[in-house]
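This is work15.cif. It holds mmCIF, C-alpha atoms and all ligand atoms.
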data_my_file
loop_
_atom_site.label_atom_id
_atom_site.label_comp_id
_atom_site.auth_asym_id
_atom_site.auth_seq_id
_atom_site.Cartn_x
_atom_site.Cartn_y
_atom_site.Cartn_z
CA MET A 81 101.86 6.79 55.36
CA SER A 82 99.40 3.92 55.91
CA GLU A 83 97.73 2.17 52.96
CA VAL A 84 94.40 3.58 54.16
CA SER A 85 95.27 7.27 54.25
CA GLY A 86 97.10 6.70 50.93
CA ILE A 87 93.97 5.71 49.04
CA GLU A 88 91.88 8.45 50.67
CA THR A 89 94.43 11.04 49.52
CA ASP A 90 94.55 9.51 46.03
CA LEU A 91 90.77 9.55 45.73
CA ALA A 92 90.57 13.16 46.93
CA LEU A 93 93.11 14.17 44.29
CA ALA A 94 91.23 12.24 41.57
CA ARG A 95 87.97 13.92 42.60
CA GLU A 96 89.54 17.38 42.42
CA THR A 97 90.90 16.61 38.96
CA LEU A 98 87.54 15.27 37.75
CA GLU A 99 85.77 18.35 39.12
CA SER A 100 88.16 20.73 37.41
CA HIS A 101 87.91 18.78 34.12
CA PHE A 102 84.19 18.05 33.99
CA GLY A 103 82.51 20.01 36.82
CA GLU A 104 79.78 18.36 38.88
CA ALA A 105 79.53 14.57 38.74
CA PRO A 106 76.66 12.94 36.85
CA LYS A 107 74.68 10.30 38.77
CA ILE A 108 75.39 7.51 36.30
CA GLY A 109 78.66 5.93 35.23
CA LEU A 110 79.25 3.45 32.41
CA VAL A 111 82.16 1.03 32.07
CA LEU A 112 82.56 0.02 28.44
CA GLY A 113 84.29 -3.25 27.63
CA SER A 114 86.18 -4.64 24.63
CA GLY A 115 84.74 -3.30 21.37
CA LEU A 116 81.93 -1.54 23.27
CA SER A 117 83.55 1.90 23.65
CA ASN A 118 81.77 3.10 20.51
CA LEU A 119 78.75 3.84 22.71
CA VAL A 120 80.38 7.22 23.36
CA ASP A 121 79.78 8.07 19.67
CA PHE A 122 76.12 8.48 20.64
CA PHE A 123 76.86 11.04 23.41
CA GLU A 124 75.64 14.61 23.02
CA ASN A 125 78.30 17.23 23.87
CA PRO A 126 81.06 14.70 24.60
CA ARG A 127 84.02 15.93 26.64
CA GLU A 128 86.98 13.64 26.98
CA ALA A 129 89.97 13.21 29.27
CA SER A 130 92.55 10.58 28.47
CA TYR A 131 93.47 8.29 31.38
CA SER A 132 97.02 9.62 31.15
CA GLU A 133 95.68 13.03 32.30
CA LEU A 134 93.86 11.62 35.34
CA PRO A 135 95.76 10.70 38.53
CA GLY A 136 95.47 7.00 39.38
CA PHE A 137 93.94 6.05 36.00
CA ILE A 138 96.18 3.68 34.05
CA PRO A 139 96.40 4.00 30.25
CA SER A 140 95.07 0.77 28.69
CA THR A 141 97.48 -1.66 27.08
CA VAL A 142 94.71 -3.64 25.37
CA GLU A 143 93.79 -3.11 21.74
CA GLY A 144 90.09 -2.26 21.43
CA HIS A 145 90.17 -0.40 24.74
CA LYS A 146 90.29 3.34 24.21
CA GLY A 147 91.57 4.51 27.60
CA ALA A 148 89.61 7.72 28.11
CA LEU A 149 86.89 9.08 30.32
CA VAL A 150 84.07 10.62 28.30
CA ALA A 151 81.36 12.79 29.86
CA GLY A 152 78.27 13.83 27.96
CA LYS A 153 74.55 13.21 27.67
CA LEU A 154 72.93 10.01 26.51
CA GLY A 155 69.23 10.35 25.74
CA GLY A 156 69.40 13.75 27.45
CA VAL A 157 70.77 12.25 30.70
CA PRO A 158 74.23 13.29 32.00
CA VAL A 159 76.58 10.30 32.16
CA VAL A 160 80.27 9.59 32.32
CA ALA A 161 81.82 6.60 30.59
CA MET A 162 85.04 4.75 31.08
CA ALA A 163 85.86 3.95 27.46
CA GLY A 164 88.21 1.09 28.19
CA ARG A 165 89.25 -0.45 31.48
CA ASN A 166 92.21 -2.13 33.10
CA HIS A 167 92.35 -5.86 33.73
CA LEU A 168 94.06 -8.05 36.28
CA TYR A 169 95.79 -9.90 33.42
CA GLU A 170 97.66 -6.72 32.47
CA GLY A 171 99.56 -7.22 35.71
CA HIS A 172 97.75 -4.61 37.79
CA SER A 173 96.67 -5.28 41.36
CA ALA A 174 92.93 -5.64 41.93
CA ALA A 175 93.01 -2.33 43.85
CA ALA A 176 94.63 -0.57 40.87
CA VAL A 177 92.05 -2.06 38.47
CA VAL A 178 89.14 -0.64 40.49
CA PHE A 179 90.69 2.75 41.30
CA PRO A 180 89.02 4.63 38.39
CA LEU A 181 85.56 3.36 39.31
CA ARG A 182 86.17 4.18 42.98
CA ALA A 183 87.23 7.66 41.88
CA LEU A 184 84.00 8.13 39.90
CA ILE A 185 81.94 7.03 42.91
CA HIS A 186 83.93 9.35 45.16
CA TRP A 187 83.25 12.15 42.68
CA GLY A 188 79.48 11.47 42.91
CA ILE A 189 78.13 8.76 40.62
CA ASP A 190 75.73 6.44 42.46
CA SER A 191 74.79 3.92 39.77
CA VAL A 192 77.01 2.15 37.29
CA VAL A 193 76.30 0.16 34.16
CA ILE A 194 79.21 -2.26 33.67
CA THR A 195 79.58 -3.93 30.27
CA ASN A 196 81.90 -6.61 28.98
CA ALA A 197 82.56 -9.03 26.16
CA ALA A 198 82.05 -12.63 27.21
CA GLY A 199 82.05 -16.17 25.91
CA GLY A 200 78.73 -18.03 26.04
CA ILE A 201 78.61 -21.27 28.03
CA SER A 202 74.87 -21.84 28.43
CA ALA A 203 73.22 -23.58 25.46
CA SER A 204 70.64 -20.78 25.38
CA LEU A 205 73.28 -18.21 24.36
CA VAL A 206 74.34 -17.43 20.80
CA GLU A 207 76.95 -15.08 19.38
CA GLY A 208 75.69 -11.50 19.42
CA ASP A 209 73.32 -11.99 22.39
CA LEU A 210 73.10 -9.38 25.12
CA MET A 211 72.99 -10.94 28.59
CA LEU A 212 71.92 -9.18 31.74
CA ILE A 213 74.19 -10.36 34.56
CA SER A 214 72.15 -11.79 37.43
CA ASP A 215 75.11 -12.82 39.61
CA HIS A 216 78.77 -13.70 39.34
CA LEU A 217 81.40 -16.30 40.17
CA ASN A 218 84.74 -14.79 41.17
CA MET A 219 87.24 -17.25 39.69
CA THR A 220 90.15 -14.80 39.58
CA GLY A 221 91.54 -15.71 43.00
CA GLN A 222 91.75 -11.99 43.71
CA ASN A 223 89.60 -9.38 45.42
CA PRO A 224 90.10 -5.60 45.43
CA LEU A 225 89.14 -5.39 49.12
CA VAL A 226 92.06 -7.52 50.32
CA GLY A 227 94.20 -5.57 52.79
CA GLU A 228 93.34 -3.06 55.46
CA ASN A 229 89.71 -1.92 55.04
CA VAL A 230 89.11 1.73 54.27
CA ASP A 231 86.13 2.32 56.57
CA SER A 232 85.30 5.65 54.96
CA LEU A 233 84.76 3.81 51.63
CA GLY A 234 82.69 0.91 52.87
CA PRO A 235 82.39 -2.01 55.33
CA ARG A 236 84.98 -4.73 55.93
CA PHE A 237 82.57 -7.49 54.86
CA PRO A 238 80.19 -6.10 52.24
CA ASP A 239 77.08 -8.10 51.40
CA MET A 240 77.07 -9.47 47.85
CA SER A 241 73.67 -11.18 47.84
CA LEU A 242 72.11 -8.46 45.69
CA ALA A 243 75.23 -7.36 43.83
CA TYR A 244 73.36 -6.85 40.55
CA ASP A 245 70.54 -4.49 41.49
CA PRO A 246 67.16 -6.26 41.15
CA GLU A 247 65.28 -3.03 40.43
CA LEU A 248 67.69 -2.02 37.65
CA ARG A 249 67.49 -5.53 36.21
CA GLY A 250 63.70 -5.26 36.18
CA LYS A 251 63.98 -2.00 34.24
CA ALA A 252 66.43 -3.55 31.79
CA ARG A 253 64.10 -6.53 31.24
CA ARG A 254 61.18 -4.21 30.47
CA ILE A 255 63.30 -2.19 28.03
CA GLY A 256 64.47 -5.42 26.42
CA LEU A 257 60.86 -6.54 25.91
CA THR A 258 59.67 -3.20 24.58
CA GLY A 259 62.61 -2.93 22.20
CA GLY A 260 62.42 -6.57 21.07
CA LEU A 261 66.03 -7.17 22.15
CA ASP A 262 65.64 -10.80 23.24
CA LEU A 263 67.70 -9.96 26.31
CA LYS A 264 69.13 -13.03 28.04
CA GLU A 265 70.00 -13.22 31.73
CA GLY A 266 72.57 -15.31 33.55
CA VAL A 267 75.62 -15.80 35.76
CA TYR A 268 78.98 -14.35 34.68
CA ALA A 269 82.20 -16.06 35.73
CA SER A 270 85.40 -14.04 35.73
CA MET A 271 88.69 -15.78 35.01
CA LEU A 272 92.11 -14.16 35.42
CA GLY A 273 93.10 -14.59 31.75
CA PRO A 274 94.71 -13.56 29.49
CA SER A 275 94.61 -17.00 27.88
CA TYR A 276 91.12 -18.03 26.93
CA GLU A 277 89.74 -21.02 28.82
CA THR A 278 90.36 -24.64 27.95
CA PRO A 279 87.28 -26.68 27.02
CA ALA A 280 87.67 -28.51 30.37
CA GLU A 281 87.58 -25.21 32.25
CA VAL A 282 84.48 -24.14 30.33
CA GLU A 283 82.84 -27.48 31.17
CA MET A 284 83.69 -26.93 34.87
CA LEU A 285 82.34 -23.37 34.83
CA GLY A 286 79.08 -24.56 33.27
CA ARG A 287 78.70 -27.27 35.93
CA ILE A 288 79.22 -24.84 38.80
CA GLY A 289 76.60 -22.45 37.47
CA ALA A 290 78.20 -20.06 34.99
CA ASP A 291 76.32 -19.04 31.84
CA ALA A 292 79.09 -16.85 30.43
CA VAL A 293 82.79 -16.25 31.01
CA GLY A 294 85.06 -13.24 30.74
CA MET A 295 88.11 -11.56 32.26
CA SER A 296 86.77 -8.37 33.85
CA THR A 297 83.82 -6.84 35.71
CA VAL A 298 83.97 -8.84 38.96
CA PRO A 299 86.61 -6.67 40.73
CA GLU A 300 84.69 -3.53 39.67
CA VAL A 301 81.37 -4.89 40.92
CA ILE A 302 82.92 -5.80 44.29
CA ALA A 303 84.42 -2.30 44.67
CA ALA A 304 81.18 -0.60 43.57
CA ARG A 305 79.07 -2.60 46.03
CA HIS A 306 81.62 -1.94 48.79
CA ALA A 307 81.17 1.77 48.14
CA GLY A 308 77.36 1.45 48.05
CA ALA A 309 76.83 2.17 44.33
CA ARG A 310 74.10 0.34 42.43
CA VAL A 311 75.28 -1.96 39.63
CA LEU A 312 73.76 -3.19 36.41
CA GLY A 313 75.94 -5.70 34.51
CA LEU A 314 75.64 -6.42 30.82
CA SER A 315 77.58 -8.99 28.79
CA CYS A 316 77.86 -9.00 25.04
CA ILE A 317 78.22 -12.65 24.04
CA THR A 318 80.94 -12.28 21.42
CA ASN A 319 81.57 -16.01 20.94
CA LEU A 320 80.73 -19.43 22.23
CA ALA A 321 83.25 -20.35 24.93
CA ALA A 322 86.06 -22.82 24.17
CA GLY A 323 84.83 -26.30 23.32
CA LYS A 324 81.30 -25.06 22.60
CA SER A 325 82.15 -24.38 18.96
CA LYS A 326 84.84 -25.51 16.55
CA GLU A 327 86.13 -22.03 15.95
CA VAL A 328 89.47 -20.79 17.25
CA LEU A 329 89.01 -17.78 19.54
CA THR A 330 90.65 -14.48 18.62
CA HIS A 331 90.48 -11.03 20.15
CA ASP A 332 89.76 -9.58 16.69
CA ASP A 333 86.58 -11.67 16.39
CA VAL A 334 85.58 -10.63 19.91
CA LYS A 335 85.96 -6.94 18.97
CA ASP A 336 84.09 -7.39 15.65
CA VAL A 337 81.06 -9.04 17.27
CA ALA A 338 81.02 -6.47 20.11
CA ASN A 339 81.08 -3.77 17.46
CA SER A 340 78.16 -5.37 15.62
CA VAL A 341 75.82 -5.12 18.66
CA LYS A 342 76.36 -1.33 18.74
CA ASP A 343 72.75 -0.39 17.91
CA ARG A 344 71.06 -2.75 20.36
CA MET A 345 73.56 -1.86 23.10
CA GLN A 346 73.04 1.83 22.47
CA TYR A 347 69.25 1.45 22.61
CA LEU A 348 69.37 -0.56 25.84
CA VAL A 349 71.85 1.66 27.68
CA LYS A 350 70.18 4.87 26.53
CA GLU A 351 66.73 3.72 27.67
CA LEU A 352 68.25 2.44 30.91
CA VAL A 353 69.92 5.70 31.86
CA LYS A 354 66.62 7.47 31.17
CA ALA A 355 64.84 5.00 33.47
CA ILE A 356 67.39 4.90 36.34
N1 LIG A 401 86.47 -16.18 27.47
C1 LIG A 401 86.98 -15.21 28.25
N2 LIG A 401 86.84 -13.91 27.98
C2 LIG A 401 86.17 -13.59 26.87
C3 LIG A 401 85.63 -14.55 26.00
C4 LIG A 401 85.79 -15.93 26.33
O1 LIG A 401 85.34 -16.84 25.60
N3 LIG A 401 85.03 -13.88 24.99
C5 LIG A 401 85.20 -12.56 25.24
N4 LIG A 401 85.89 -12.38 26.37
#
When written as structure tokens, how does the structure in this file appear?
Amino acid sequence: MSEVSGIETDLALARETLESHFGEAPKIGLVLGSGLSNLVDFFENPREASYSELPGFIPSTVEGHKGALVAGKLGGVPVVAMAGRNHLYEGHSAAAVVFPLRALIHWGIDSVVITNAAGGISASLVEGDLMLISDHLNMTGQNPLVGENVDSLGPRFPDMSLAYDPELRGKARRIGLTGGLDLKEGVYASMLGPSYETPAEVEMLGRIGADAVGMSTVPEVIAARHAGARVLGLSCITNLAAGKSKEVLTHDDVKDVANSVKDRMQYLVKELVKAI
């Protein structure tokens, strides 16, 4: 069987499973990063399926990542959330990392809010900030579209000039102003990880235009744009990147800070899904 018909079959099976679990697809999907899965606590009528029950979804190996799909309503709007995601640094191929999001798009979501925890590089960012992603730098050396193109999913050479939907960003900015969130905006660079960056790498990333750095999101955004879904990206600045502060970076601190932005994140995402 060719690679192409393989993924089409896998996506069809995932769609059938999602339909039998949750019924009709909502229009909006959420990808919740490290420490940010608690957003599902605000869902009305939550229904959950663990990744181990869903074909092609890989149970998470990362602490702080729940590893379940949760459908429900947020602010009265039907949504489905990936509470936890897979990362390239876990040893998965880029195609495997993006499979769940592709499956959600195949099921029927057309817009996706992708969140992550990130280290702040720009001097204008402080711990606990929320940053709207305006663009990205793919520093992972990988791309989920490498290999034979699946024409039924999207084009061979998808445009990435408006990867982070300008209209959705405008809505997010307005919500940020109304809610007094002091929402920042900037460029997110994705590294392969799992080691945090060296100060020299952070210095390089800042010079080439990055405002924040993390280890996720970029493969998902590429796959979502390939499939024609609209993307809004949101970073929670959990720490200043290496060399920007004297503190030693730990995953526990990252999770704690992400957890502490819960209320602002909930307000922003809830108002956003109402406005999309
Ligand atoms: N670097 C990379 N990934 C991260 C960071 C960081 O400083 N903080 C949270 N995720």
Q | Given 10 Å and all atoms listed in the file, residues near ligand LIG 401 (chain A) as a PyMOL selection string | A | chain A and resi 113-114+196-201+207+269-278+282+292-296+315-324+329-331+333-335+337-338
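When atom CA of A:Leu261 is paired with atom CA of A:Ile356, their separation reads 18.7 Å.
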Q.
Taking 6 positions as the minimum chain separation for residues in the same chain, which residues sit within 9 Å of A:His216 when counting all atoms listed in the file? Answer as a VMD selection string.
A. chain A and resid 243 to 244 266 to 270 290 298
Q: In the coordinate frame of the file, compute which residues have an atom within 12 Å of (80.2, -1.2, 38.9) when using all atoms listed in the file, and state them as a ChimeraX atom specification.
A: /A:108-112,161-162,165,177-185,189-196,213,243-245,296-314
(Q) Taking all atoms listed in the file into account, name the residue in A:Gly227, A:Gly221, A:Pro106, A:Gly152 that is nearest to A:Asp121. (A) A:Gly152
Q | Distance criterion (all atoms listed in the file): nearest to A:Gly164 out of A:Gly188, A:Gly250, A:Gly115, A:Gly259 | A | A:Gly115
**Q.** Computed interatomic separation between atom CA of A:Asp332 and atom CA of A:Ala176 (Å)
**A.**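 Separating atom CA of A:Asp332 from atom CA of A:Ala176 is a distance of 26.3 Å.
Here atom CA of A:Gly289 stands at a distance of 8.3 Å from atom CA of A:Leu217.
The environment of A:Leu98 within 10 Å, counting only C-alpha atoms and disregarding residues fewer than 3 places along the same chain, consists of Ala92, Leu93, Ala94, Arg95, His101, Phe102, Gly103, Glu104, Ala105, Ala129, Leu134, Pro135, Leu149, Ala183, Leu184 and Trp187 of chain A.
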Q | Given only C-alpha atoms as the counted atoms, nearest of A:Ile87, A:Met219, A:Ser173, A:Lys350 to A:Ile288 | A |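 Nearest to A:Ile288: A:Met219.
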Q) Which one is closest to A:Ser340: A:Pro246, A:Gly234, A:Gly208, A:Pro224? Count all atoms listed in the file. A)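 Going through A:Pro246, A:Gly234, A:Gly208, A:Pro224 one by one, the smallest distance to A:Ser340 is for A:Gly208.
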Q: Go through A:Asn118, A:Ser140, A:Ser232, A:Gln222 and flag the residue nearest A:Lys342, using only C-alpha atoms for the distances.
A: A:Asn118
Q | Nearest to A:Thr141 by atom-to-atom distance, counting all atoms listed in the file, from A:Leu168, A:Ala252, A:Met211, A:Ala203 | A |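 Closest to A:Thr141, using all atoms listed in the file: A:Leu168.
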Q.
When you look at A:Ala151 with a cut-off of 8 Å (counting all atoms listed in the file), what residues show up, excluding the ones that are within fewer than 2 positions of it in the same chain? I need them as a ChimeraX atom specification.
A. /A:102,126-128,149,153,158-161
Resulting file, chosen residues, C-alpha atoms, as a compact mmCIF listing (two decimals), keeping the file's coordinate frame:
# COMPACT_ATOMS: atom_id res chain seq x y z
CA PHE A 102 84.19 18.05 33.99
CA PRO A 126 81.06 14.70 24.60
CA ARG A 127 84.02 15.93 26.64
CA GLU A 128 86.98 13.64 26.98
CA LEU A 149 86.89 9.08 30.32
CA LYS A 153 74.55 13.21 27.67
CA PRO A 158 74.23 13.29 32.00
CA VAL A 159 76.58 10.30 32.16
CA VAL A 160 80.27 9.59 32.32
CA ALA A 161 81.82 6.60 30.59
Would you compute the box with edges along x, y and z of the file around stretch 169-174 of chain A, including every atom the file lists for it and 3 Å extra on each side, and give its centre and edge lengths in Å to one decimal, as JSON?
{"center_x": 96.2, "center_y": -7.3, "center_z": 37.2, "size_x": 12.6, "size_y": 11.3, "size_z": 15.5}
